[in-house]
$ cat data_1.cif   # mmCIF, C-alpha atoms
data_my_file
#
loop_
_atom_site.label_atom_id
_atom_site.label_comp_id
_atom_site.auth_asym_id
_atom_site.auth_seq_id
_atom_site.Cartn_x
_atom_site.Cartn_y
_atom_site.Cartn_z
CA MET A 1 126.02 135.57 43.25
CA GLU A 2 128.24 135.06 40.26
CA ARG A 3 127.58 133.38 37.00
CA CYS A 4 128.63 129.77 36.84
CA ARG A 5 132.10 129.20 35.51
CA SER A 6 132.46 127.57 32.17
CA GLY A 7 133.45 123.94 32.27
CA LEU A 8 131.21 123.05 35.19
CA SER A 9 129.03 120.82 33.01
CA LEU A 10 125.78 122.15 34.39
CA SER A 11 122.72 120.36 33.14
CA GLU A 12 120.99 122.42 30.52
CA GLY A 13 118.41 124.61 32.09
CA ALA A 14 119.49 123.83 35.62
CA MET A 15 119.17 126.74 38.01
CA SER A 16 122.28 127.31 40.03
CA ARG A 17 123.92 129.73 42.39
CA GLN A 18 127.65 129.89 42.79
CA ILE A 19 130.03 131.47 45.22
CA LYS A 20 133.78 131.71 45.34
CA VAL A 21 135.37 130.90 48.70
CA GLU A 22 138.79 132.37 49.29
CA ALA A 23 141.64 130.45 50.88
CA ALA A 24 141.22 130.10 54.66
CA GLU A 25 137.61 131.30 54.54
CA ILE A 26 134.46 129.34 55.33
CA ALA A 27 131.21 129.44 53.39
CA THR A 28 127.75 128.71 54.75
CA LEU A 29 125.28 127.44 52.17
CA ARG A 30 121.67 126.41 52.39
CA VAL A 31 120.98 123.37 50.24
CA ALA A 32 117.42 122.14 49.87
CA ALA A 33 116.50 118.48 49.74
CA GLY A 34 117.10 117.23 46.23
CA GLU A 35 119.54 119.99 45.39
CA THR A 36 123.18 119.19 44.74
CA LEU A 37 126.15 121.01 46.19
CA ARG A 38 129.10 121.05 43.81
CA VAL A 39 132.45 121.72 45.46
CA VAL A 40 134.90 122.83 42.80
CA ASN A 41 138.66 122.65 43.29
CA SER A 42 139.04 125.73 41.12
CA LEU A 43 142.81 125.96 41.11
CA GLY A 44 143.57 122.36 42.16
CA GLY A 45 145.31 120.84 45.14
CA GLN A 46 143.04 122.33 47.81
CA VAL A 47 141.50 120.48 50.76
CA VAL A 48 137.98 121.46 51.81
CA ASP A 49 136.69 120.58 55.29
CA ALA A 50 132.96 120.02 54.90
CA TRP A 51 130.21 119.79 57.53
CA PHE A 52 126.51 119.23 56.95
CA PHE A 53 123.67 119.93 59.41
CA ALA A 54 119.96 119.35 58.95
CA ALA A 55 118.37 122.79 58.64
CA ASP A 56 115.58 121.99 61.10
CA ASP A 57 117.55 119.98 63.67
CA TRP A 58 121.11 120.91 64.54
CA THR A 59 121.63 117.64 66.41
CA GLU A 60 121.35 115.95 63.01
CA HIS A 61 124.66 116.45 61.28
CA VAL A 62 126.94 114.19 59.29
CA CYS A 63 129.05 112.04 61.64
CA MET A 64 132.21 110.58 60.21
CA SER A 65 132.50 107.57 62.52
CA HIS A 66 128.90 106.58 61.89
CA SER A 67 129.41 107.14 58.16
CA ARG A 68 132.46 104.89 58.20
CA ALA A 69 130.39 102.23 59.94
CA ALA A 70 127.45 102.62 57.57
CA LEU A 71 129.61 102.69 54.44
CA ARG A 72 132.09 100.16 55.79
CA THR A 73 134.94 102.14 54.36
CA ILE A 74 137.23 105.07 55.02
CA ARG A 75 137.24 105.91 51.30
CA PRO A 76 134.00 107.34 49.95
CA VAL A 77 133.00 106.84 46.33
CA VAL A 78 130.16 107.98 44.10
CA GLY A 79 127.01 106.61 45.70
CA SER A 80 128.31 106.85 49.26
CA ALA A 81 125.65 108.19 51.64
CA PHE A 82 126.93 110.00 54.70
CA VAL A 83 124.85 109.56 57.83
CA THR A 84 124.18 111.41 61.05
CA CYS A 85 124.91 110.22 64.58
CA ARG A 86 121.40 108.69 64.40
CA ARG A 87 122.57 106.83 61.28
CA VAL A 88 120.21 108.67 58.93
CA PRO A 89 121.52 109.58 55.45
CA LEU A 90 121.95 113.33 55.00
CA ILE A 91 124.04 113.69 51.84
CA THR A 92 125.09 111.38 49.03
CA MET A 93 128.14 111.71 46.81
CA ALA A 94 126.55 111.95 43.38
CA ALA A 95 129.57 112.66 41.18
CA ASP A 96 133.32 113.06 41.48
CA THR A 97 135.60 114.21 38.68
CA SER A 98 138.66 114.31 40.95
CA PRO A 99 140.85 111.21 41.40
CA GLY A 100 138.50 110.26 44.26
CA VAL A 101 140.98 110.79 47.06
CA HIS A 102 139.13 112.11 50.10
CA ASP A 103 139.61 111.68 53.83
CA MET A 104 137.19 110.38 56.47
CA THR A 105 139.64 109.96 59.36
CA MET A 106 141.19 113.33 60.23
CA PRO A 107 139.94 116.12 62.50
CA PRO A 108 139.94 119.72 61.28
CA CYS A 109 143.07 121.76 61.83
CA ASP A 110 142.66 123.83 64.98
CA ARG A 111 144.35 126.41 67.16
CA TRP A 112 146.06 123.71 69.23
CA ARG A 113 147.53 122.05 66.16
CA TYR A 114 149.02 125.34 65.04
CA GLN A 115 150.42 125.96 68.52
CA GLN A 116 152.22 122.64 68.18
CA LEU A 117 153.50 123.80 64.79
CA ASP A 118 154.82 127.05 66.32
CA ALA A 119 152.16 129.07 64.56
CA PRO A 120 149.88 130.35 67.35
CA GLY A 121 146.93 132.39 66.15
CA HIS A 122 146.93 130.74 62.72
CA ARG A 123 143.61 130.68 60.93
CA ASN A 124 142.10 127.20 61.25
CA CYS A 125 139.14 125.14 60.08
CA ALA A 126 137.83 124.38 63.59
CA ASP A 127 137.50 128.04 64.56
CA ASN A 128 136.11 128.75 61.10
CA LEU A 129 133.28 126.34 61.88
CA ARG A 130 132.79 127.74 65.38
CA SER A 131 132.47 131.25 63.94
CA ALA A 132 130.07 130.12 61.24
CA LEU A 133 127.96 128.18 63.73
CA HIS A 134 127.92 131.21 66.04
CA ALA A 135 126.82 133.42 63.15
CA ALA A 136 124.01 130.96 62.52
CA GLY A 137 122.93 131.24 66.15
CA HIS A 138 124.43 128.04 67.47
CA ALA A 139 126.98 127.46 70.17
CA ALA A 140 129.94 125.17 69.55
CA GLY A 141 132.12 123.61 72.19
CA VAL A 142 135.57 122.12 72.20
CA MET A 143 134.40 118.93 70.52
CA LEU A 144 133.16 119.44 66.99
CA PRO A 145 131.84 116.91 64.52
CA ASP A 146 134.66 115.53 62.42
CA PRO A 147 134.58 116.92 58.89
CA LEU A 148 134.44 115.20 55.55
CA ASN A 149 137.81 116.28 54.20
CA LEU A 150 137.20 116.60 50.50
CA PHE A 151 140.26 116.19 48.27
CA GLN A 152 142.49 115.43 51.29
CA ASN A 153 145.22 112.91 50.53
CA SER A 154 145.92 111.15 53.82
CA PRO A 155 146.40 107.53 52.84
CA VAL A 156 146.20 104.79 55.45
CA ALA A 157 148.81 102.09 54.83
CA PRO A 158 148.01 98.40 55.36
CA ASP A 159 149.72 98.60 58.77
CA GLY A 160 147.44 101.48 59.74
CA THR A 161 149.99 104.25 59.33
CA ILE A 162 148.65 107.58 58.10
CA THR A 163 150.67 110.00 55.99
CA PHE A 164 149.88 113.54 54.89
CA ARG A 165 150.41 114.22 51.21
CA GLU A 166 149.56 116.92 48.72
CA SER A 167 146.04 116.84 47.41
CA SER A 168 145.88 115.19 44.01
CA ALA A 169 142.76 117.06 42.85
CA PRO A 170 143.32 118.78 39.49
CA ALA A 171 142.18 122.34 38.79
CA GLY A 172 138.50 122.38 37.94
CA SER A 173 137.73 118.96 39.34
CA TYR A 174 134.71 118.74 41.57
CA VAL A 175 132.56 116.62 43.84
CA ASP A 176 128.77 116.68 43.78
CA LEU A 177 126.91 116.07 47.03
CA ARG A 178 123.14 115.61 46.84
CA ALA A 179 121.13 116.73 49.84
CA ASP A 180 118.76 114.08 51.15
CA ARG A 181 117.14 116.70 53.40
CA ASP A 182 117.13 120.50 53.72
CA LEU A 183 120.53 121.26 55.16
CA ILE A 184 123.15 123.84 55.97
CA ALA A 185 126.59 123.11 54.56
CA PHE A 186 129.80 124.63 55.86
CA LEU A 187 132.84 124.54 53.58
CA SER A 188 136.15 125.60 55.10
CA VAL A 189 138.97 126.14 52.62
CA CYS A 190 141.73 124.59 54.69
CA PRO A 191 144.38 127.21 55.53
CA MET A 192 147.10 124.66 56.32
CA ASP A 193 150.34 125.98 54.82
CA ILE A 194 152.81 124.13 57.07
CA MET A 195 151.89 120.51 56.45
CA PRO A 196 151.91 119.72 52.71
CA ILE A 197 148.23 118.79 52.28
CA ASN A 198 147.41 121.93 50.25
CA GLY A 199 150.71 121.97 48.41
CA GLY A 200 151.99 124.58 50.82
CA SER A 201 149.74 127.33 49.50
CA PRO A 202 145.98 127.30 50.13
CA ARG A 203 143.86 128.67 47.31
CA GLU A 204 140.27 129.54 46.47
CA ILE A 205 137.51 127.10 45.66
CA ALA A 206 134.00 127.50 44.27
CA ALA A 207 130.72 126.13 45.55
CA VAL A 208 127.69 125.76 43.35
CA VAL A 209 124.22 124.78 44.42
CA LEU A 210 122.51 123.00 41.56
CA ASP A 211 118.75 122.88 41.46
CA GLY A 212 117.76 119.34 40.61
CA VAL A 213 119.43 116.21 39.41
CA THR A 214 122.86 116.55 37.81
CA MET B 215 136.37 94.90 95.41
CA GLU B 216 137.72 91.51 94.57
CA ARG B 217 141.16 90.09 94.82
CA CYS B 218 143.22 90.30 91.67
CA ARG B 219 143.12 87.23 89.53
CA SER B 220 146.19 85.13 89.29
CA GLY B 221 148.17 85.63 86.14
CA LEU B 222 147.75 89.38 86.09
CA SER B 223 151.44 89.92 86.68
CA LEU B 224 150.98 92.68 89.21
CA SER B 225 154.19 94.27 90.32
CA GLU B 226 155.16 93.01 93.71
CA GLY B 227 153.82 95.28 96.34
CA ALA B 228 151.65 97.23 93.94
CA MET B 229 148.37 98.37 95.38
CA SER B 230 145.45 97.56 93.17
CA ARG B 231 141.72 97.55 93.06
CA GLN B 232 139.79 95.31 90.72
CA ILE B 233 136.24 95.07 89.54
CA LYS B 234 134.45 92.62 87.36
CA VAL B 235 132.22 94.15 84.68
CA GLU B 236 129.45 91.94 83.39
CA ALA B 237 128.55 91.66 79.73
CA ALA B 238 126.58 94.70 78.48
CA GLU B 239 127.38 96.71 81.63
CA ILE B 240 129.48 99.85 81.94
CA ALA B 241 131.99 100.59 84.68
CA THR B 242 133.08 104.02 85.87
CA LEU B 243 136.56 104.14 87.36
CA ARG B 244 138.60 106.95 88.82
CA VAL B 245 142.24 106.64 87.80
CA ALA B 246 144.76 109.05 89.28
CA ALA B 247 147.66 110.48 87.29
CA GLY B 248 150.42 107.91 87.21
CA GLU B 249 148.10 105.01 87.91
CA THR B 250 147.52 102.35 85.29
CA LEU B 251 144.18 100.95 84.25
CA ARG B 252 144.40 97.32 83.23
CA VAL B 253 141.53 96.09 81.07
CA VAL B 254 141.43 92.31 81.21
CA ASN B 255 139.67 90.22 78.58
CA SER B 256 138.83 87.67 81.24
CA LEU B 257 137.11 85.09 79.06
CA GLY B 258 138.51 86.24 75.71
CA GLY B 259 136.93 87.59 72.55
CA GLN B 260 135.24 90.60 74.12
CA VAL B 261 135.25 94.18 72.80
CA VAL B 262 135.42 97.00 75.34
CA ASP B 263 134.38 100.53 74.36
CA ALA B 264 136.54 102.86 76.43
CA TRP B 265 136.21 106.60 77.11
CA PHE B 266 138.48 108.78 79.21
CA PHE B 267 137.67 112.20 80.65
CA ALA B 268 139.90 114.50 82.71
CA ALA B 269 138.49 114.46 86.24
CA ASP B 270 138.63 118.23 86.59
CA ASP B 271 137.54 119.26 83.09
CA TRP B 272 134.90 117.30 81.22
CA THR B 273 135.67 119.10 77.97
CA GLU B 274 139.01 117.30 78.07
CA HIS B 275 138.39 113.75 76.94
CA VAL B 276 140.16 111.41 74.58
CA CYS B 277 139.24 112.20 70.97
CA MET B 278 139.79 109.48 68.44
CA SER B 279 140.22 111.67 65.36
CA HIS B 280 142.76 113.85 67.11
CA SER B 281 144.50 110.74 68.43
CA ARG B 282 144.68 109.31 64.92
CA ALA B 283 146.23 112.57 63.74
CA ALA B 284 148.68 112.73 66.66
CA LEU B 285 149.67 109.09 66.39
CA ARG B 286 149.46 109.02 62.60
CA THR B 287 147.86 105.65 62.70
CA ILE B 288 144.56 103.86 63.12
CA ARG B 289 146.31 101.01 64.96
CA PRO B 290 147.57 101.85 68.45
CA VAL B 291 150.58 100.08 69.90
CA VAL B 292 152.41 100.08 73.21
CA GLY B 293 153.63 103.64 73.68
CA SER B 294 150.70 105.24 71.87
CA ALA B 295 149.45 108.34 73.68
CA PHE B 296 145.80 109.21 73.15
CA VAL B 297 145.01 112.91 73.09
CA THR B 298 142.06 115.16 73.75
CA CYS B 299 140.34 117.49 71.28
CA ARG B 300 142.91 120.06 72.44
CA ARG B 301 145.61 117.55 71.44
CA VAL B 302 146.84 116.98 74.98
CA PRO B 303 147.87 113.43 75.98
CA LEU B 304 145.51 111.89 78.51
CA ILE B 305 146.37 108.17 78.51
CA THR B 306 149.20 106.07 77.15
CA MET B 307 149.09 102.41 76.21
CA ALA B 308 151.74 100.96 78.52
CA ALA B 309 151.38 97.24 77.86
CA ASP B 310 149.37 94.86 75.71
CA THR B 311 149.39 91.08 76.04
CA SER B 312 146.64 90.64 73.45
CA PRO B 313 147.48 90.29 69.73
CA GLY B 314 147.31 94.09 69.58
CA VAL B 315 144.18 94.32 67.48
CA HIS B 316 142.17 97.37 68.56
CA ASP B 317 139.94 99.80 66.73
CA MET B 318 140.16 103.59 66.43
CA THR B 319 137.61 104.11 63.65
CA MET B 320 134.19 102.86 64.78
CA PRO B 321 131.46 104.60 66.77
CA PRO B 322 129.84 102.84 69.74
CA CYS B 323 126.85 100.66 69.04
CA ASP B 324 123.69 102.63 69.71
CA ARG B 325 119.91 102.42 69.77
CA TRP B 326 119.69 103.44 66.11
CA ARG B 327 122.08 100.71 65.02
CA TYR B 328 120.00 98.10 66.80
CA GLN B 329 116.83 99.48 65.22
CA GLN B 330 118.48 98.88 61.84
CA LEU B 331 119.29 95.36 63.01
CA ASP B 332 115.65 94.74 63.96
CA ALA B 333 116.52 94.74 67.65
CA PRO B 334 114.89 97.91 69.04
CA GLY B 335 115.51 98.49 72.72
CA HIS B 336 118.75 96.48 72.68
CA ARG B 337 121.29 97.43 75.31
CA ASN B 338 124.02 99.52 73.69
CA CYS B 339 127.35 101.17 74.46
CA ALA B 340 126.22 104.70 73.58
CA ASP B 341 123.32 104.69 76.05
CA ASN B 342 125.60 102.99 78.57
CA LEU B 343 127.88 106.01 78.36
CA ARG B 344 124.98 108.46 78.50
CA SER B 345 123.69 106.76 81.66
CA ALA B 346 127.13 106.74 83.26
CA LEU B 347 127.73 110.39 82.39
CA HIS B 348 124.31 111.27 83.78
CA ALA B 349 125.10 109.39 86.99
CA ALA B 350 128.30 111.43 87.22
CA GLY B 351 126.30 114.63 86.89
CA HIS B 352 126.97 115.39 83.24
CA ALA B 353 124.58 115.78 80.34
CA ALA B 354 125.26 113.96 77.09
CA GLY B 355 123.73 114.77 73.75
CA VAL B 356 123.26 112.87 70.54
CA MET B 357 126.92 113.25 69.55
CA LEU B 358 129.30 111.45 71.87
CA PRO B 359 133.06 111.19 71.71
CA ASP B 360 134.11 108.19 69.68
CA PRO B 361 135.42 105.39 71.90
CA LEU B 362 138.71 103.55 71.87
CA ASN B 363 137.43 100.10 70.98
CA LEU B 364 139.78 97.80 72.82
CA PHE B 365 140.16 94.32 71.36
CA GLN B 366 137.85 95.17 68.43
CA ASN B 367 138.84 93.44 65.19
CA SER B 368 137.65 95.76 62.42
CA PRO B 369 140.46 95.65 59.88
CA VAL B 370 140.72 98.30 57.21
CA ALA B 371 141.81 96.81 53.88
CA PRO B 372 144.24 98.64 51.57
CA ASP B 373 141.27 99.88 49.51
CA GLY B 374 139.71 101.36 52.67
CA THR B 375 137.07 98.68 53.16
CA ILE B 376 136.20 97.87 56.77
CA THR B 377 135.08 94.44 57.92
CA PHE B 378 133.76 93.29 61.29
CA ARG B 379 135.37 90.16 62.67
CA GLU B 380 135.50 88.30 65.94
CA SER B 381 137.85 89.72 68.50
CA SER B 382 141.12 87.83 68.57
CA ALA B 383 141.91 88.60 72.20
CA PRO B 384 142.64 85.41 74.20
CA ALA B 385 141.20 84.78 77.65
CA GLY B 386 143.25 86.59 80.26
CA SER B 387 144.96 88.97 77.84
CA TYR B 388 144.98 92.60 78.83
CA VAL B 389 145.86 96.15 77.92
CA ASP B 390 147.45 98.60 80.36
CA LEU B 391 146.60 102.27 80.00
CA ARG B 392 148.59 104.74 82.09
CA ALA B 393 146.82 107.92 83.13
CA ASP B 394 148.73 111.08 82.30
CA ARG B 395 146.27 113.09 84.42
CA ASP B 396 143.58 112.36 87.02
CA LEU B 397 140.77 110.94 84.97
CA ILE B 398 137.45 109.15 84.88
CA ALA B 399 137.38 106.07 82.69
CA PHE B 400 134.22 104.48 81.34
CA LEU B 401 134.42 100.89 80.14
CA SER B 402 131.40 99.49 78.32
CA VAL B 403 131.41 95.75 77.77
CA CYS B 404 129.98 95.79 74.26
CA PRO B 405 126.62 93.97 74.17
CA MET B 406 126.67 93.35 70.42
CA ASP B 407 125.39 89.84 69.82
CA ILE B 408 124.18 90.25 66.25
CA MET B 409 127.34 91.32 64.46
CA PRO B 410 130.18 88.87 65.14
CA ILE B 411 132.61 91.22 66.91
CA ASN B 412 132.13 89.55 70.31
CA GLY B 413 131.88 86.05 68.90
CA GLY B 414 128.11 86.27 69.15
CA SER B 415 128.06 86.13 72.93
CA PRO B 416 129.26 89.06 75.05
CA ARG B 417 131.01 88.11 78.27
CA GLU B 418 132.46 89.67 81.40
CA ILE B 419 135.73 91.54 81.66
CA ALA B 420 137.80 92.77 84.58
CA ALA B 421 139.28 96.19 85.22
CA VAL B 422 142.16 96.72 87.59
CA VAL B 423 143.59 100.04 88.70
CA LEU B 424 147.26 99.57 89.47
CA ASP B 425 148.97 102.02 91.76
CA GLY B 426 152.25 102.96 90.15
CA VAL B 427 154.34 101.80 87.28
CA THR B 428 153.71 98.32 85.92
#
$ encode --input "data_1.cif" --output "structure tokens"
Amino acid sequence: MERCRSGLSLSEGAMSRQIKVEAAEIATLRVAAGETLRVVNSLGGQVVDAWFFAADDWTEHVCMSHSRAALRTIRPVVGSAFVTCRRVPLITMAADTSPGVHDMTMPPCDRWRYQQLDAPGHRNCADNLRSALHAAGHAAGVMLPDPLNLFQNSPVAPDGTITFRESSAPAGSYVDLRADRDLIAFLSVCPMDIMPINGGSPREIAAVVLDGVT
Amino acid sequence: MERCRSGLSLSEGAMSRQIKVEAAEIATLRVAAGETLRVVNSLGGQVVDAWFFAADDWTEHVCMSHSRAALRTIRPVVGSAFVTCRRVPLITMAADTSPGVHDMTMPPCDRWRYQQLDAPGHRNCADNLRSALHAAGHAAGVMLPDPLNLFQNSPVAPDGTITFRESSAPAGSYVDLRADRDLIAFLSVCPMDIMPINGGSPREIAAVVLDGVT
């Protein structure tokens, strides 16, 4: 566990634990109810695929379609509560110092996507999650929950068209996600270097678990 | 099996089989590769939650997030091919005589949604699918594939906001979906009578399997 970086605006006296997550890697973090997970775009421009499972019930995980229905939006903002397939809030976006551009519509990159891009065997977020779930003692099939794609810039035009653009998140910007229940968070630092979403060059992020209200 | 309704514009000599599906019911249909499934909004204004599974591999089913990524839209049109979680096309929208308003972002209604709406025990599309999958010999968990919500009018505004409006599909309008592989289709006639998506009063639809090109 490293010391918190400067500039993270931790509340005075707040306990915290921080990890660095390298490009293309996935981190598994335990976040207790009431704690806040800060996802820091350390170097800027990096998409983070995020999944959240209740620690005591792996059928309770954040579901993007149900969250879209509950929030009535595809664009989360501070205050947005993400719900499970049973429509129970699991995490709430508590702060966001990035431009607020996140994605709730895209699947994770996966081995089949990279085959289509003539890059078979490419590291991918879907297999990252499968490996992390396996390490945690859980099987994962072909269908995975859709991730919350933090910092992903995939705007949906008024006619419904989706485009893939570079992330607009500046270096050091972050999102705070408050756990409404004890949970396990998986953060995959998207390895996409063919499509432009990570500016062509994935890079490290940091994750900080903050003890208490930020 | 009933005779086809008039006005369905069947190709001369085409073999077809038609069923009526009552409000709140779910139909299971086998559609062979090359056949076309016509979903008819018989009385107008009715949403149909549709799922498609490969007949020989139940891990291959239409995935909405992957379809959004493949199609780069949340608004399907004639020619749109819907893909599985392995990004393989399974069905293609071959014709659409409705105004073309369909939804690729919403989950099915479920028991938890109706609990929130003070209607516990309400018939719902998610349990419809679970029952139909069970009848077909397959288990279904809490997480289900997201459906293609035919005729559902849930526009996404430029700021990302989603609203729920009455379906704009006229009586007798239909969508044709061509099977790219032998598949099992599930069509749930959405029983929602609290939110306005079905005009407050769900009503029957028809499904026709057309043998050959329409």
$ axis_aligned_box --input "data_1.cif" --around "stretch 165-173 of chain A" --padding-each-side "3 Å" --output "JSON"
{"center_x": 144.1, "center_y": 118.3, "center_z": 44.6, "size_x": 18.7, "size_y": 14.2, "size_z": 19.3}
$ resolve_selection --input "data_1.cif" --expression "the PyMOL selection byres ((chain B) within 8 of (chain A))" --output "number ranges by chain"
B: 273, 279-280, 282-283, 286-289, 299-301, 319-321, 326-327, 356-357, 359-360, 370-377
$ atom_distance --input "data_1.cif" --atom1 "atom CA of A:Arg203" --atom2 "atom CA of A:Asn149"
15.4 Å
$ resolve_selection --input "data_1.cif" --expression "the PyMOL selection byres ((chain B and resi 404-406) around 9)" --output "ChimeraX atom specification"
/B:237-240,260-263,322-323,328,336-339,401-403,407-412,414-417
$ write_last_selection --input "data_1.cif" --atoms "C-alpha atoms" --output "mmCIF file, in the coordinates of the input"
data_model
loop_
_atom_site.group_PDB
_atom_site.id
_atom_site.type_symbol
_atom_site.label_atom_id
_atom_site.label_comp_id
_atom_site.auth_asym_id
_atom_site.auth_seq_id
_atom_site.Cartn_x
_atom_site.Cartn_y
_atom_site.Cartn_z
ATOM 1 C CA ALA B 237 128.550 91.660 79.730
ATOM 2 C CA ALA B 238 126.580 94.700 78.480
ATOM 3 C CA GLU B 239 127.380 96.710 81.630
ATOM 4 C CA ILE B 240 129.480 99.850 81.940
ATOM 5 C CA GLN B 260 135.240 90.600 74.120
ATOM 6 C CA VAL B 261 135.250 94.180 72.800
ATOM 7 C CA VAL B 262 135.420 97.000 75.340
ATOM 8 C CA ASP B 263 134.380 100.530 74.360
ATOM 9 C CA PRO B 322 129.840 102.840 69.740
ATOM 10 C CA CYS B 323 126.850 100.660 69.040
ATOM 11 C CA TYR B 328 120.000 98.100 66.800
ATOM 12 C CA HIS B 336 118.750 96.480 72.680
ATOM 13 C CA ARG B 337 121.290 97.430 75.310
ATOM 14 C CA ASN B 338 124.020 99.520 73.690
ATOM 15 C CA CYS B 339 127.350 101.170 74.460
ATOM 16 C CA LEU B 401 134.420 100.890 80.140
ATOM 17 C CA SER B 402 131.400 99.490 78.320
ATOM 18 C CA VAL B 403 131.410 95.750 77.770
ATOM 19 C CA ASP B 407 125.390 89.840 69.820
ATOM 20 C CA ILE B 408 124.180 90.250 66.250
ATOM 21 C CA MET B 409 127.340 91.320 64.460
ATOM 22 C CA PRO B 410 130.180 88.870 65.140
ATOM 23 C CA ILE B 411 132.610 91.220 66.910
ATOM 24 C CA ASN B 412 132.130 89.550 70.310
ATOM 25 C CA GLY B 414 128.110 86.270 69.150
ATOM 26 C CA SER B 415 128.060 86.130 72.930
ATOM 27 C CA PRO B 416 129.260 89.060 75.050
ATOM 28 C CA ARG B 417 131.010 88.110 78.270
#
$ residues_around --input "data_1.cif" --residues "B:Ala346" --least-positions-apart "3" --cutoff "10 Å" --atoms "all atoms listed in the file" --output "VMD selection string"
chain B and resid 240 to 242 340 to 343 349 to 354 400 to 402
$ write_last_selection --input "data_1.cif" --atoms "C-alpha atoms" --output "PDB file, in the coordinates of the input"
ATOM      1  CA  ILE B 240     129.480  99.850  81.940  1.00  0.00           C
ATOM      2  CA  ALA B 241     131.990 100.590  84.680  1.00  0.00           C
ATOM      3  CA  THR B 242     133.080 104.020  85.870  1.00  0.00           C
ATOM      4  CA  ALA B 340     126.220 104.700  73.580  1.00  0.00           C
ATOM      5  CA  ASP B 341     123.320 104.690  76.050  1.00  0.00           C
ATOM      6  CA  ASN B 342     125.600 102.990  78.570  1.00  0.00           C
ATOM      7  CA  LEU B 343     127.880 106.010  78.360  1.00  0.00           C
ATOM      8  CA  ALA B 349     125.100 109.390  86.990  1.00  0.00           C
ATOM      9  CA  ALA B 350     128.300 111.430  87.220  1.00  0.00           C
ATOM     10  CA  GLY B 351     126.300 114.630  86.890  1.00  0.00           C
ATOM     11  CA  HIS B 352     126.970 115.390  83.240  1.00  0.00           C
ATOM     12  CA  ALA B 353     124.580 115.780  80.340  1.00  0.00           C
ATOM     13  CA  ALA B 354     125.260 113.960  77.090  1.00  0.00           C
ATOM     14  CA  PHE B 400     134.220 104.480  81.340  1.00  0.00           C
ATOM     15  CA  LEU B 401     134.420 100.890  80.140  1.00  0.00           C
ATOM     16  CA  SER B 402     131.400  99.490  78.320  1.00  0.00           C
TER      17      SER B 402
END
$ residues_around --input "data_1.cif" --residues "A:Tyr174" --least-positions-apart "3" --cutoff "12 Å" --atoms "all atoms listed in the file" --output "MDAnalysis selection string"
chainID A and resid 7:10 36:48 78 93:102 150:151 168:171 177 205:208
$ atom_distance --input "data_1.cif" --atom1 "atom CA of B:Ala268" --atom2 "atom CA of B:Arg395"
6.7 Å
$ atom_distance --input "data_1.cif" --atom1 "atom CA of B:Leu362" --atom2 "atom CA of A:Phe82"
21.8 Å
$ closest_residue --input "data_1.cif" --among "B:Asp332, B:Asp394, B:Gly413, B:Ala399" --to "B:Thr306" --atoms "all atoms listed in the file"
B:Asp394
$ resolve_selection --input "data_1.cif" --expression "the PyMOL selection byres ((chain B and resi 269) around 6)" --output "short mmCIF file (atom, residue, chain, number, x, y, z; two decimals) with C-alpha atoms, in the coordinates of the input"
data_model
loop_
_atom_site.label_atom_id
_atom_site.label_comp_id
_atom_site.auth_asym_id
_atom_site.auth_seq_id
_atom_site.Cartn_x
_atom_site.Cartn_y
_atom_site.Cartn_z
CA ALA B 268 139.90 114.50 82.71
CA ASP B 270 138.63 118.23 86.59
CA ASP B 271 137.54 119.26 83.09
CA ASP B 396 143.58 112.36 87.02
CA LEU B 397 140.77 110.94 84.97
CA ILE B 398 137.45 109.15 84.88
#
$ closest_residue --input "data_1.cif" --among "A:Glu35, A:Glu166, A:Asp211, A:Asp176" --to "A:Val77" --atoms "all atoms listed in the file"
A:Asp176
